Amino acid sequence: MTLQGYSIPRTTTGDASLVPPPPWHYVGDFLVVDYWADPAACTALLPPGLDPHPDPGRCAAVFADWQSCSEGGDELTDPIRSHYREFFIVVNALLDGEEVTTCPFIWVDQDFALARGWIQGFPKKLGSIWMTRTFGLEGVVDDGPRHNAPPIVNVRHFPRLAAGRHDDPQVHELVRAVSRDRAGSAVHAGPATLTLHAAPHEEHDALAPLKIDRGYRFTFGYTVDDLVTVKEIP
């Protein structure tokens, strides 16, 4: 009998797969802080194929409280399969002269979202994420956050274990996120603070803020069923 399933574990039915097949539908409540970090630290974290942004310290810190599901929507009846939170940082860059972002650090609190992120090129780690429900909002804005607005380009990296080939990854490619059916709420803005604390075996604090712009609060949804490989990385 043929084993089935989009992701591991694969079984005779495929029901045990950690990640269901796309399309994946997302909706999330966002808290975004636009800020600037040390330009040298930002540039050092850019993957091959991306060039520094003209304003090389531009970053955004993003908190998201998500609900997602696959096409059948079965996950919606079981919150542990559809609800999760994550925090990530994006750095602004250029891809062949076009403004893009890339995500060097991201934490998520559910295993299915971790694995699904790796498939898409997000370097997710497990963490505990909480979002405040108290905001100092000043009103609705037309433009919304700017530092995480450009398209996101990440790296899919899957290493080898074969002896003598540890430095030769099985997959190493620059990929561009693709989404459709995007819809969002009004965007509220206000003053923001952000502190990135040091932690053992973490390096995100290299992107600690030097200057903060504003904070933004909104709800946003979209569907993912595609990914574009920009280039293979040697």
# chains A, B, ... in the order shown; residues from 1 in each chain; ligands from 1
$ residues_around --residues "region 95-99 of chain A" --least-positions-apart "3" --cutoff "12 Å" --atoms "only C-alpha atoms" --output "VMD selection string"
chain A and resid 46 to 56 58 91 to 92 102 146 to 154 174 to 176 230 to 231
$ select_by_dssp --residues "region 94-231 of chain A" --states "alpha helix (DSSP H)" --output "list in words"
Asp111, Phe112, Ala113, Leu114, Ala115, Arg116, Gly117, Trp118, Ile119 and Gln120 of chain A
$ write_last_selection --atoms "all heavy atoms" --output "short mmCIF file (atom, residue, chain, number, x, y, z; two decimals), in the first residue's frame"
data_model
loop_
_atom_site.label_atom_id
_atom_site.label_comp_id
_atom_site.auth_asym_id
_atom_site.auth_seq_id
_atom_site.Cartn_x
_atom_site.Cartn_y
_atom_site.Cartn_z
N ASP A 111 4.08 23.18 16.63
CA ASP A 111 4.97 22.38 15.77
C ASP A 111 4.56 22.41 14.30
O ASP A 111 5.41 22.44 13.41
CB ASP A 111 5.06 20.94 16.28
CG ASP A 111 3.71 20.23 16.39
OD1 ASP A 111 2.67 20.86 16.10
OD2 ASP A 111 3.71 19.04 16.77
N PHE A 112 3.26 22.41 14.00
CA PHE A 112 2.85 22.41 12.59
C PHE A 112 3.28 23.70 11.90
O PHE A 112 3.68 23.70 10.73
CB PHE A 112 1.34 22.18 12.45
CG PHE A 112 0.47 23.34 12.86
CD1 PHE A 112 0.16 24.35 11.98
CD2 PHE A 112 -0.03 23.41 14.16
CE1 PHE A 112 -0.65 25.42 12.37
CE2 PHE A 112 -0.84 24.47 14.55
CZ PHE A 112 -1.15 25.48 13.66
N ALA A 113 3.21 24.82 12.62
CA ALA A 113 3.63 26.10 12.05
C ALA A 113 5.15 26.15 11.88
O ALA A 113 5.66 26.78 10.95
CB ALA A 113 3.15 27.25 12.92
N LEU A 114 5.88 25.50 12.78
CA LEU A 114 7.33 25.40 12.66
C LEU A 114 7.71 24.67 11.38
O LEU A 114 8.50 25.17 10.56
CB LEU A 114 7.89 24.67 13.88
CG LEU A 114 9.39 24.37 13.86
CD1 LEU A 114 10.18 25.57 14.33
CD2 LEU A 114 9.70 23.16 14.74
N ALA A 115 7.12 23.48 11.18
CA ALA A 115 7.45 22.68 9.99
C ALA A 115 7.00 23.37 8.71
O ALA A 115 7.71 23.37 7.70
CB ALA A 115 6.81 21.30 10.11
N ARG A 116 5.82 23.97 8.74
CA ARG A 116 5.31 24.66 7.55
C ARG A 116 6.20 25.86 7.21
O ARG A 116 6.42 26.17 6.03
CB ARG A 116 3.88 25.11 7.81
CG ARG A 116 3.16 25.64 6.58
CD ARG A 116 1.68 25.85 6.86
NE ARG A 116 1.46 26.78 7.97
CZ ARG A 116 0.27 26.96 8.56
NH1 ARG A 116 -0.78 26.28 8.15
NH2 ARG A 116 0.15 27.82 9.55
N GLY A 117 6.74 26.51 8.23
CA GLY A 117 7.65 27.62 7.99
C GLY A 117 8.93 27.16 7.33
O GLY A 117 9.46 27.84 6.43
N TRP A 118 9.49 26.02 7.78
CA TRP A 118 10.71 25.51 7.15
C TRP A 118 10.48 25.21 5.67
O TRP A 118 11.35 25.45 4.84
CB TRP A 118 11.18 24.26 7.88
CG TRP A 118 11.76 24.53 9.23
CD1 TRP A 118 11.94 25.74 9.83
CD2 TRP A 118 12.22 23.55 10.16
NE1 TRP A 118 12.50 25.57 11.08
CE2 TRP A 118 12.68 24.25 11.31
CE3 TRP A 118 12.29 22.17 10.16
CZ2 TRP A 118 13.21 23.59 12.42
CZ3 TRP A 118 12.82 21.50 11.27
CH2 TRP A 118 13.27 22.21 12.39
N ILE A 119 9.29 24.68 5.34
CA ILE A 119 8.98 24.40 3.95
C ILE A 119 9.02 25.68 3.12
O ILE A 119 9.43 25.69 1.96
CB ILE A 119 7.60 23.73 3.85
CG1 ILE A 119 7.63 22.32 4.48
CG2 ILE A 119 7.12 23.64 2.40
CD1 ILE A 119 6.27 21.69 4.67
N GLN A 120 8.63 26.80 3.73
CA GLN A 120 8.57 28.08 3.03
C GLN A 120 9.85 28.89 3.12
O GLN A 120 9.95 29.96 2.50
CB GLN A 120 7.42 28.92 3.61
CG GLN A 120 6.05 28.29 3.41
CD GLN A 120 4.97 29.12 4.10
OE1 GLN A 120 4.51 30.13 3.57
NE2 GLN A 120 4.57 28.70 5.28
#
$ atom_distance --atom1 "CA of Pro200 (chain A)" --atom2 "CA of Pro123 (chain A)"
17.4 Å
$ residues_around --residues "Asp38 (chain A)" --least-positions-apart "4" --cutoff "9 Å" --atoms "only C-alpha atoms" --output "short mmCIF file (atom, residue, chain, number, x, y, z; two decimals) with C-alpha atoms, in the first residue's frame"
data_model
loop_
_atom_site.label_atom_id
_atom_site.label_comp_id
_atom_site.auth_asym_id
_atom_site.auth_seq_id
_atom_site.Cartn_x
_atom_site.Cartn_y
_atom_site.Cartn_z
CA CYS A 42 21.63 44.00 9.19
CA THR A 43 23.96 43.68 6.22
CA PRO A 56 20.45 49.52 5.52
CA GLY A 57 19.29 49.60 9.14
CA ARG A 58 15.57 49.37 8.33
CA ALA A 206 22.32 42.11 17.25
CA LEU A 207 19.27 43.76 15.65
CA ALA A 208 18.31 45.72 18.76
CA PRO A 209 16.67 49.03 17.91
CA LEU A 210 18.73 52.19 17.63
#
$ residues_around --residues "His172 (chain A)" --least-positions-apart "5" --cutoff "9 Å" --atoms "only C-alpha atoms" --output "PyMOL selection string"
chain A and resi 155-159+232-234
$ closest_residue --among "A:Pro23, A:Glu71, A:Phe88, A:Leu76" --to "His204 (chain A)" --atoms "only C-alpha atoms"
A:Phe88
$ select_by_dssp --residues "region 60-144 of chain A" --states "strand (DSSP E or B)" --output "NGL selection string"
:A and (60-70 or 83-95 or 98-108 or 124-126 or 139-141)
$ atom_distance --atom1 "CA of Gly28 (chain A)" --atom2 "CA of Gln67 (chain A)"
6.2 Å
